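Following: one structure in structure tokens, then a few remarks.
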There are 2 protein chains.
Amino acid sequence: MSDMMIWVPVMGIVALIYSFWRTGWISKQDEGSEKMIAIGKYISDGAMAFLKAEYRVLSVFIIAVAILLGIANSGEGKSPLVAASFIVGALTSGLAGFLGMRVATKANYRTAQAARSGLSKALGVAFAGGSVMGLSVVGLGVIGLGCLFLIYREIFTDLSMVMSVLSGFSLGASSIALFARVGGGIYTKAADVGADLVGKVEAGIPEDHPLNPATIADNVGDNVGDVAGMGADLFESYVGSIVGSMVLGATIVLSSGALAPEFVFLPLLIAGAGILVSITGTFMVSVKEGGDPQKSLNIGEFGSSAIMVVVMFFMITQMLPATFILGGAEYTNYGVFWATTIGLVAGLGIGFITEHYTGTGTSPVNSIVNQSQTGAATNLIAGLGVGMQSTAIPVLIIAASIMGAFHFAGLYGIAMAALGMLANTGMQLAVDAYGPISDNAGGIAEMAQLPAEVRQRTDKLDAVGNTTAAIGKGFAIGSAALTALALFAAFRTTVQALRGGDPMNISITDPTVMAGLFVGGMLPFLFSSMAMGAVGRAAMAMIEEVRRQFKSIPELAAALTVMKKYEEGQKMSAEDQKIFDAADGKAEYGKCVTISTEAAIKEMMLPGLLAILTPVVVGYVFGAEALGGLLAGVTVTGVLMAIFQSNAGGAWDNAKKMIENGVEINGIKYGKGSDVHKAAVVGDTVGDPFKDTSGPSLNILIKLMSVVALVIAPLIATIGY
Amino acid sequence: MSDMMIWVPVMGIVALIYSFWRTGWISKQDEGSEKMIAIGKYISDGAMAFLKAEYRVLSVFIIAVAILLGIANSGEGKSPLVAASFIVGALTSGLAGFLGMRVATKANYRTAQAARSGLSKALGVAFAGGSVMGLSVVGLGVIGLGCLFLIYREIFTDLSMVMSVLSGFSLGASSIALFARVGGGIYTKAADVGADLVGKVEAGIPEDHPLNPATIADNVGDNVGDVAGMGADLFESYVGSIVGSMVLGATIVLSSGALAPEFVFLPLLIAGAGILVSITGTFMVSVKEGGDPQKSLNIGEFGSSAIMVVVMFFMITQMLPATFILGGAEYTNYGVFWATTIGLVAGLGIGFITEHYTGTGTSPVNSIVNQSQTGAATNLIAGLGVGMQSTAIPVLIIAASIMGAFHFAGLYGIAMAALGMLANTGMQLAVDAYGPISDNAGGIAEMAQLPAEVRQRTDKLDAVGNTTAAIGKGFAIGSAALTALALFAAFRTTVQALRGGDPMNISITDPTVMAGLFVGGMLPFLFSSMAMGAVGRAAMAMIEEVRRQFKSIPELAAALTVMKKYEEGQKMSAEDQKIFDAADGKAEYGKCVTISTEAAIKEMMLPGLLAILTPVVVGYVFGAEALGGLLAGVTVTGVLMAIFQSNAGGAWDNAKKMIENGVEINGIKYGKGSDVHKAAVVGDTVGDPFKDTSGPSLNILIKLMSVVALVIAPLIATIGY
């Protein structure tokens with residue numbers, strides 16, 4: 001049995017080999033014109049500059065936290081090795097972000113070039129980029145966790161000690177993920193809002209136009225926000241669900257007395273098997289010319305999920321004993337399988353609800369379109385209402401999953417439900433990451449002034465991924481809730497074990513718990529306000545810089561004046577074209593990139609530290625029970641605010657897109673440039689930080705706070721007890 | 001001791017006598033011109049029509065619930081008299097709303113007339129109106145509760161039975177309050193948004209202009225929403241906190257074994273004493289010409305609060321035994337006093353924070369003003385951020401109050417903290433209700449085309465009440481949180497008693513509780529989305545009606561065309577003036593009033609039933625523990641969403657007002673009609689349903705759901721146990 005564990009890191013290496021192979025293939029694709037190469041380089045340089053700046057700041061943070069962890073864990077019954085796990089977790093998370101971003105910035109302009117010859121070819125390149133991202137993330141996660149587990153098993157004889165030290169890995173991954181998500185989210189939305197408000201609205205130039213100085217920063221933002229941010233997010237979900245189920249598995253092992261380490265091994269082995277399934281899934285996405293790319297992606301996503309269910313069924317029923325005891329109740333191995341399946345079904349369910357509330361042409365989005373007719377205010381009221389309403393069914397699904405998974409396999413079931421959603425992360429991330437790459441390719445096509453059909457193809461590619469992306473979002477939110485609960489349960493069982501097995505009672509009747517619940521519930525609001533404030537401030541700085549350039553760079557000013565004379569698509573006179581061409585490359589892209597980079601780095605610190613320090617302070621001052629209340633509060637409102645903000649933002653976005661494509665309200669037709677469109681643009685802009693900065697960051701926040709609690713559990717278990 | 005209780009209804013009668021006396025005084029004030037009387041009658045008829053329609057629907061609801069309550073409580077150990085309490089609670093709540101609204105619609109046009117001669121005289125009339133409202137509410141509450149208590153004490157020998165039956169009164173008050181708040185909120189905002197968007201924005205006529213068909217509906221809305229809605233809200237808070245502390249007091253009496261009914265009597269006696277203090281407070285508001293009205297209101301508000309603290313100190317320390325036992329811990333009578341004081345201080349603290357986040361010229365509101373410069377989108381992002389951020393300190397204050405009040409006097413302390421905030425309700429409500437009356441007076445001045453200085457005076461009166469109104473909001477939110485917790489604690493102790501004293505353990509480690517927490521947390525989001533959707537739909541109907549009238553009534557259309565030729569305040573040519581005058585009274589106000597009335601009645605049902613039925617369903621299906629989780633979830637996110645929405649709305653409102661009065665951003669001046677102002681109007685409109693419909697309704701929601709749980713406790717105590 002224990003020899004099997006060596007296969008875990010091996011699977012991780014397989015994933016990395018696959019990634020390198022696909023990266024090599026992408027590098028060999030046609031790079032297109034010199035201009036495209038130059039733009040591609042601008043974006044890639046900007047993205048790497050941001051990563052470098054971010055990692056420089058974070059390395060100080062990592063060293064400081066590692067030292068503190070080492071010192072705090074130097075007593076008896078603890079081990080400073082938790083600091084080592086933390087560092088490895090942080091480094092692998094950072095490396096996953098780096099690899100993902102590198103391939104995305106390689107794939108984007110090659111996708112644009114491929115789109116010149118056809119849709120399927122472009123899909124091939126973009127999806128290959130996504131696959132590299134996906135497999136790098138899971139590969140590094142499995143290698144890191146697998147190797148550390150093998151090593152710690154040799155060092156410590158006590159299984160709970162192994163798990164306690166290993167949880168540092170999850171803390172490292174989560175901290176980096178939070179900073180990456182928040183920093184990336186601020187970067188991308190500052191650039192986006194800035195580029196839109198001055199470029200599109202004030203100067204009237206199309207999105208991604210080379211005259212707009214913020215356009216490169218906007219495209220860099222898509223990479224650092226959507227690609228690297230999402231990668232770090234899923235990396236930490238993935239790692240968190242594995243660690244959570246391993247810790248809870250250890251409870252079974254220890255309480256049963258019997259040597260049944262399968263409960264601890266299983267999550268890692270499922271993750272390893274998931275890599276093979278994900279690789280299989282990427283091959284199922286066929287790229288034949290003339291085929292339907294939507295169908296192809298669906299086959300890959302749902303096909304590999306189905307395989308994953310079958311694989312998990314055999315692994316769970318074969319590896320686990322037929323019955324086992326947990327928390328005084330008896331469960332079966334089939335029960336564990338059902339719990340896992342509940343997780344998967346819940347993820348799909350939340351995904352379909354997400355699609356319903358944010359998809360083009362659905363009744364909630366239509367209601368926003370209709371209410372845009374009376375202006376921005378009614379558009380906003382409608383969107384906020386849709387976002388709030390969209391929390392209802394997902395929360396009912398989550399509540400039912402909690403009760404169902406617990407019914408089938410106790411707390412271990414809740415953790416396995418989360419793992420069930422995430423086992424196939426490699427493939428899911430491939431599908432998710434392919435969207436932003438296509439989007440970026442479209443931006444490059446625009447900037448390089450490629451023929452209009454190229455942009456149309458990349459837009460179609462981007463749109464094709466929408467349903468799968470909505471499903472992905474559903475999995476992200478559902479798994480975040482269940483992973484946070486699993487980590488929370490792991491925290492409680494750890495505290496209990498340290499208190500000599502005395503069950504921990506976090507009762508709402510205890511006023512300290514109730515106070516913790518209130519304060520925890522408030523944190524997602526405070527955190528979101530910080531993120532929104534940061535985007536607002538950074539966007540203002542960006543707007544001022546773009547305005548300055550439009551005023552003070554004479555070639556830009558002249559070109560803008562010339563442009564206004566013509567309708568979109570109309571041919572310029574030779575003289576005007578000359579003035580227009582003279583402005584090419586005169587915009588100082590670098591300055592806008594610097595503004596976004598500096599703002600993101602500066603503004604990510606406070607919310608990040610809030611998330612990490614609050615559980616530490618509450619735990620040390622008020623004890624483990626108050627911390628339990630805090631975690632419950634932050635999980636509940638975190639999930640709610642994440643769904644509310646993500647879906648409101650998504651719905652506003654698609655309402656705007658629907659109007660851009662032309663809609664008819666009460667018999668009157670509206671399109672781009674109409675008042676109804678202008679109203680919808682306001683909603684979309686408000687939704688930007690909602691759906692791309694604060695909303696998704698909350699998914700990480702709730703897991704990070706639970707994992708902080710888990711890691712500090714040995715230090716606070718007996719405070720106020 | 002027990003003879004003292006007869007004084008409670010006597011105090012209530014004193015309050016009513018005071019109210020009738022002041023009403024008589026108001027009736028004797030000058031009514032002004034015929035036009036003013038006509039407008040006053042329009043508003044008063046519209047308001048009464050709404051009340052009538054509302055009460056007709058609600059009477060069906062009351063009868064149905066009463067029958068169900070009677071049947072469900074007909075078994076042994078229960079009493080169908082709880083249905084009688086429910087009916088009395090509902091009737092007194094309705095009567096309080098009726099009396100308040102009647103005096104408000106009497107006082108509004110008389111205030112406008114008084115404002116013609118001076119500020120202080122207007123303050124006198126408006127404040128008298130507020131005082132009648134305030135004292136009617138507390139008087140009816142104290143009479144209802146006091147009489148029922150005296151009667152039930154004779155019927156039942158068992159104190160816990162008396163309390164169980166009495167809690168029906170609170171349920172009746174809360175149900176009516178929720179419908180009144182939601183219905184009134186939908187009414188007022190549908191009319192307001194409709195009047196603003198077509199009248200101000202599309203047709204370009206000033207607010208409250210007689211040409212706008214929705215203007216009467218808008219002014220009726222101020223009465224049914226701000227006056228009757230707020231009155232019902234505070235009535236139920238007041239009643240809820242008294243009932244909550246009486247139930248918890250009964251726990252002490254029963255568990256101590258000693259016959260110490262003071263713990264049950266004290267809350268009612270404090271409420272009775274509060275009436276005398278409130279009446280004293282109204283006399284402290286001096287109305288001498290030339291004095292500072294702000295100072296005068298402050299003296300009344302803070303002076304009577306200070307007296308209340310002294311009165312409570314003597315009552316508590318004299319009536320309660322020096323030490324007592326509750327939940328296994330020993331507390332002192334001084335501890336009870338400190339808990340009460342903590343409540344008062346917390347209410348003030350939350351009030352000052354509210355003022356900071358929503359007041360004119362404060363840094364959060366300034367940040368919204370500044371971000372309006374780049375358009376509606378950034379104005380909205382800033383406002384949402386401010387609203388979310390504003391939850392932080394109030395929640396910390398609430399958390400500290402919970403822990404502090406519990407430390408000093410256990411669960412009884414939490415209830416007494418809520419009572420401490422509300423003991424002075426009569427005076428607080430007088431100050432709160434005076435604002436909408438002044439606002440309404442301003443509207444009437446505009447419609448009756450009184451000289452501009454009249455409107456300036458009423459605006460100043462309205463503004464003067466802002467700080468005290470913010471304090472009032474702080475008390476409303478803080479007391480809602482603590483009252484909900486007190487009722488929740490009362491529910492728990494009731495369930496415990498019914499389970500033979502076995503302590504009820506609502507532990508977050510129980511997955512059913514966790515699921516309840518999630519679902520409960522979601523309800524305020526769903527509830528808010530329903531309220532916002534209702535406002536959106538009703539406003540659309542209003543907009544269409546106003547547009548129809550502008551098109552199809554030739555005199556209106558002609559007057560609008562004429563008006564557009566002139567700047568505000570410019571004199572019209574004789575010919576144009578003739579056309580303009582011809583339109584006078586041609587707008588069909590009644591149709592708009594009907595639209596608002598019907599929409600409000602129709603749309604209040606679903607959210608109201610959601611609030612009442614959810615705890616019943618959860619309690620019956622999943623048992624008392626799941627219901628406990630649900631209540632904790634709804635209380636936490638309800639408080640958060642209430643603060644977020646109220647403060648975001650308030651901040652947007654004042655940001656707009658600041659810009660209307662002229663601001664300078666980056667050296668450029670902006671005022672009414674500028675693009676910055678237009679951006680701020682969008683924010684203000686979005687904030688309207690936030691701060692006047694969904695936000696304040698949540699205060700009631702959380703208490704209502706707790707009181708539903710308390711009332712059904714005998715029916716579900718042993719389910720799943």
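Convention: chains lettered A, B, ... in structure tokens order; per-chain residue numbering from 1; ligands numbered from 1 as shown.
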Write out as a count of residues only every residue belonging to chain B that has an atom at most 7 Å from any atom of chain A, counting only C-alpha atoms. 42
I want to know what sits within 12 Å of Ala128 (chain A), based on only C-alpha atoms, with residues of the same chain fewer than 5 positions away left out; could you give that as a VMD selection string? chain A and resid 18 to 27 29 100 103 to 104 106 to 108 110 to 111 121 to 123 133 to 135 279 282 to 283 285 to 287 427 429 to 435 437 to 438
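Distance check against Ala452 (chain B) using only C-alpha atoms: of B:Ala112, B:Met11, B:Ala66, B:Val618, the minimum falls on B:Ala112.
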Leaving out Leu91 (chain B) and any residue of its chain fewer than 6 positions from it, which residues lie within 10 Å of it when counting only C-alpha atoms, given as a PyMOL selection string? chain B and resi 55+59+62+85+97+140+144+169+172-173+176
With N, CA and C atoms retained, could you export that selection as a PDB file, in the first residue's frame?
ATOM      1  N   TYR B  55     -54.458  47.411   4.939  1.00  0.00           N
ATOM      2  CA  TYR B  55     -55.065  46.751   6.089  1.00  0.00           C
ATOM      3  C   TYR B  55     -56.113  45.731   5.665  1.00  0.00           C
ATOM      4  N   SER B  59     -55.753  42.105   6.956  1.00  0.00           N
ATOM      5  CA  SER B  59     -56.736  41.531   7.874  1.00  0.00           C
ATOM      6  C   SER B  59     -56.990  40.066   7.523  1.00  0.00           C
ATOM      7  N   ILE B  62     -54.074  38.250   8.943  1.00  0.00           N
ATOM      8  CA  ILE B  62     -54.121  38.161  10.409  1.00  0.00           C
ATOM      9  C   ILE B  62     -55.108  37.085  10.845  1.00  0.00           C
ATOM     10  N   SER B  85     -53.266  37.195  21.525  1.00  0.00           N
ATOM     11  CA  SER B  85     -52.139  38.117  21.650  1.00  0.00           C
ATOM     12  C   SER B  85     -51.700  38.594  20.270  1.00  0.00           C
ATOM     13  N   GLY B  97     -49.647  52.864  13.255  1.00  0.00           N
ATOM     14  CA  GLY B  97     -49.361  53.366  11.911  1.00  0.00           C
ATOM     15  C   GLY B  97     -50.404  54.369  11.462  1.00  0.00           C
ATOM     16  N   LEU B 140     -49.275  52.842  22.709  1.00  0.00           N
ATOM     17  CA  LEU B 140     -50.022  51.648  22.312  1.00  0.00           C
ATOM     18  C   LEU B 140     -49.263  50.376  22.678  1.00  0.00           C
ATOM     19  N   GLY B 144     -50.891  47.720  25.232  1.00  0.00           N
ATOM     20  CA  GLY B 144     -51.152  46.365  24.740  1.00  0.00           C
ATOM     21  C   GLY B 144     -50.438  45.319  25.583  1.00  0.00           C
ATOM     22  N   PHE B 169     -48.042  38.590  20.917  1.00  0.00           N
ATOM     23  CA  PHE B 169     -48.191  40.035  20.700  1.00  0.00           C
ATOM     24  C   PHE B 169     -47.048  40.562  19.831  1.00  0.00           C
ATOM     25  N   GLY B 172     -47.474  39.488  16.258  1.00  0.00           N
ATOM     26  CA  GLY B 172     -48.439  40.325  15.551  1.00  0.00           C
ATOM     27  C   GLY B 172     -47.819  41.654  15.144  1.00  0.00           C
ATOM     28  N   ALA B 173     -47.127  42.284  16.085  1.00  0.00           N
ATOM     29  CA  ALA B 173     -46.505  43.576  15.803  1.00  0.00           C
ATOM     30  C   ALA B 173     -45.462  43.445  14.703  1.00  0.00           C
ATOM     31  N   ILE B 176     -47.004  42.801  11.020  1.00  0.00           N
ATOM     32  CA  ILE B 176     -47.554  44.025  10.438  1.00  0.00           C
ATOM     33  C   ILE B 176     -46.418  44.986  10.080  1.00  0.00           C
TER      34      ILE B 176
END
List every residue of region 290-537 of chain A that DSSP, applied to the backbone, labels as helix (DSSP H, G or I), and write the result as a PyMOL selection string. chain A and resi 293-319+333-358+363-374+376-389+392-422+425-447+452-464+466-498+511-537
List every residue of region 454-528 of chain B that has an atom at most 9 Å from any atom of region 239-242 of chain B, giving for each one its closest atom pair and the distance in Å to one decimal, counting only C-alpha atoms, sorted by chain and then by ascending residue number, as CSV.
residue,atom,partner,partner_atom,distance
B:Ser479,CA,B:Ser241,CA,8.0
B:Ala480,CA,B:Ser241,CA,8.7
B:Leu482,CA,B:Ser241,CA,8.2
B:Thr483,CA,B:Ser241,CA,5.1
B:Ala484,CA,B:Gly240,CA,8.0
B:Ala486,CA,B:Ser241,CA,7.2
B:Leu487,CA,B:Gly240,CA,7.3
Write the residues you've just listed into a file as an mmCIF file, in the first residue's frame, and include N, CA and C atoms for each of them.
data_model
loop_
_atom_site.group_PDB
_atom_site.id
_atom_site.type_symbol
_atom_site.label_atom_id
_atom_site.label_comp_id
_atom_site.auth_asym_id
_atom_site.auth_seq_id
_atom_site.Cartn_x
_atom_site.Cartn_y
_atom_site.Cartn_z
ATOM 1 N N SER B 479 -30.199 48.042 17.867
ATOM 2 C CA SER B 479 -31.229 47.406 18.669
ATOM 3 C C SER B 479 -31.829 46.222 17.939
ATOM 4 N N ALA B 480 -31.892 46.303 16.596
ATOM 5 C CA ALA B 480 -32.407 45.161 15.845
ATOM 6 C C ALA B 480 -31.525 43.945 16.082
ATOM 7 N N LEU B 482 -29.450 43.323 18.612
ATOM 8 C CA LEU B 482 -29.523 42.821 19.986
ATOM 9 C C LEU B 482 -30.904 42.251 20.301
ATOM 10 N N THR B 483 -31.956 42.901 19.789
ATOM 11 C CA THR B 483 -33.297 42.364 20.025
ATOM 12 C C THR B 483 -33.443 40.986 19.378
ATOM 13 N N ALA B 484 -32.932 40.863 18.142
ATOM 14 C CA ALA B 484 -33.006 39.563 17.477
ATOM 15 C C ALA B 484 -32.278 38.513 18.309
ATOM 16 N N ALA B 486 -31.743 38.618 21.511
ATOM 17 C CA ALA B 486 -32.499 38.377 22.742
ATOM 18 C C ALA B 486 -33.676 37.441 22.476
ATOM 19 N N LEU B 487 -34.369 37.682 21.362
ATOM 20 C CA LEU B 487 -35.502 36.812 21.018
ATOM 21 C C LEU B 487 -35.009 35.401 20.707
#
Determine, counting only C-alpha atoms, which protein, DNA and RNA residues have an atom within 8 Å of an atom of Ala651 (chain B); residues of the same chain fewer than 2 positions away are not included. Present the result as a PDB file with C-alpha atoms, in the first residue's frame.
ATOM      1  CA  TYR B 357     -20.185  57.346   6.419  1.00  0.00           C
ATOM      2  CA  THR B 358     -23.251  59.187   5.167  1.00  0.00           C
ATOM      3  CA  GLY B 359     -22.914  62.788   6.347  1.00  0.00           C
ATOM      4  CA  PRO B 364     -16.258  58.759   2.606  1.00  0.00           C
ATOM      5  CA  VAL B 365     -18.915  60.966   0.995  1.00  0.00           C
ATOM      6  CA  ILE B 368     -17.871  59.503  -3.804  1.00  0.00           C
ATOM      7  CA  GLY B 383     -20.581  54.148  -3.137  1.00  0.00           C
ATOM      8  CA  VAL B 386     -18.238  52.941   1.131  1.00  0.00           C
ATOM      9  CA  GLY B 387     -21.350  50.946   2.025  1.00  0.00           C
ATOM     10  CA  ASN B 647     -25.238  53.556   4.363  1.00  0.00           C
ATOM     11  CA  ALA B 648     -24.442  53.196   0.664  1.00  0.00           C
ATOM     12  CA  GLY B 649     -27.817  54.764  -0.082  1.00  0.00           C
ATOM     13  CA  ASP B 653     -27.832  60.751  -1.436  1.00  0.00           C
ATOM     14  CA  ASN B 654     -25.590  63.238   0.326  1.00  0.00           C
ATOM     15  CA  ALA B 655     -22.903  63.089  -2.372  1.00  0.00           C
TER      16      ALA B 655
END
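One distance worth recording is that between CA of Lys551 (chain B) and CA of Lys669 (chain A), which is 21.0 Å.
For Gly585 (chain B), the set of protein, DNA and RNA residues having any atom at most 12 Å away, when counting only C-alpha atoms and skipping those fewer than 4 positions along the same chain, is Lys35, Ala38, Ile39, Tyr42, His209, Pro210, Leu211, Asn212, Pro213, Thr215, Ile216, Met447, Ala448, Ile553, Glu555, Leu556, Ala559, Phe580, Asp581, Tyr589 and Gly590 of chain B.
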Please dump the current selection as a tab-separated table (two decimals), in the first residue's frame; keep N, CA and C atoms.
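out.tsv was written with the following content:
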chain	number	residue	atom	x	y	z
B	35	LYS	N	-55.07	76.23	-2.06
B	35	LYS	CA	-54.28	75.29	-2.85
B	35	LYS	C	-53.52	74.33	-1.93
B	38	ALA	N	-55.83	71.88	-0.53
B	38	ALA	CA	-56.18	70.87	-1.55
B	38	ALA	C	-55.06	69.85	-1.69
B	39	ILE	N	-53.83	70.34	-1.78
B	39	ILE	CA	-52.69	69.41	-1.93
B	39	ILE	C	-52.59	68.52	-0.70
B	42	TYR	N	-55.09	65.90	-1.02
B	42	TYR	CA	-54.65	64.87	-1.98
B	42	TYR	C	-53.73	63.86	-1.29
B	209	HIS	N	-42.73	69.25	-8.74
B	209	HIS	CA	-43.44	70.23	-9.56
B	209	HIS	C	-44.85	69.72	-9.84
B	210	PRO	N	-45.87	70.64	-9.78
B	210	PRO	CA	-47.26	70.17	-9.96
B	210	PRO	C	-47.52	69.58	-11.35
B	211	LEU	N	-46.66	69.88	-12.32
B	211	LEU	CA	-46.87	69.30	-13.65
B	211	LEU	C	-46.61	67.79	-13.67
B	212	ASN	N	-45.81	67.33	-12.72
B	212	ASN	CA	-45.44	65.92	-12.72
B	212	ASN	C	-46.56	65.07	-12.11
B	213	PRO	N	-47.17	64.18	-12.91
B	213	PRO	CA	-48.30	63.40	-12.40
B	213	PRO	C	-47.94	62.51	-11.22
B	215	THR	N	-46.10	63.33	-8.71
B	215	THR	CA	-45.58	64.08	-7.57
B	215	THR	C	-46.40	63.86	-6.30
B	216	ILE	N	-47.72	63.71	-6.45
B	216	ILE	CA	-48.53	63.43	-5.26
B	216	ILE	C	-48.20	62.04	-4.72
B	447	MET	N	-45.17	72.51	-4.65
B	447	MET	CA	-46.37	72.29	-5.47
B	447	MET	C	-47.31	73.48	-5.42
B	448	ALA	N	-47.39	74.10	-4.21
B	448	ALA	CA	-48.30	75.25	-4.07
B	448	ALA	C	-47.61	76.52	-4.55
B	553	ILE	N	-52.06	64.01	-22.59
B	553	ILE	CA	-52.82	65.15	-22.05
B	553	ILE	C	-52.27	66.42	-22.71
B	555	GLU	N	-52.70	69.65	-22.51
B	555	GLU	CA	-52.28	70.80	-21.71
B	555	GLU	C	-50.91	70.55	-21.08
B	556	LEU	N	-50.70	69.32	-20.61
B	556	LEU	CA	-49.41	68.99	-20.00
B	556	LEU	C	-48.29	69.08	-21.03
B	559	ALA	N	-47.50	72.65	-21.80
B	559	ALA	CA	-46.79	73.31	-20.70
B	559	ALA	C	-45.34	72.87	-20.64
B	580	PHE	N	-48.87	77.71	-19.55
B	580	PHE	CA	-48.35	76.99	-18.40
B	580	PHE	C	-49.44	76.83	-17.34
B	581	ASP	N	-50.15	77.93	-17.06
B	581	ASP	CA	-51.20	77.89	-16.03
B	581	ASP	C	-52.36	76.98	-16.42
B	589	TYR	N	-53.08	62.83	-10.98
B	589	TYR	CA	-52.32	62.29	-9.84
B	589	TYR	C	-52.85	60.96	-9.36
B	590	GLY	N	-54.17	60.83	-9.39
B	590	GLY	CA	-54.82	59.66	-8.83
B	590	GLY	C	-54.35	58.36	-9.48
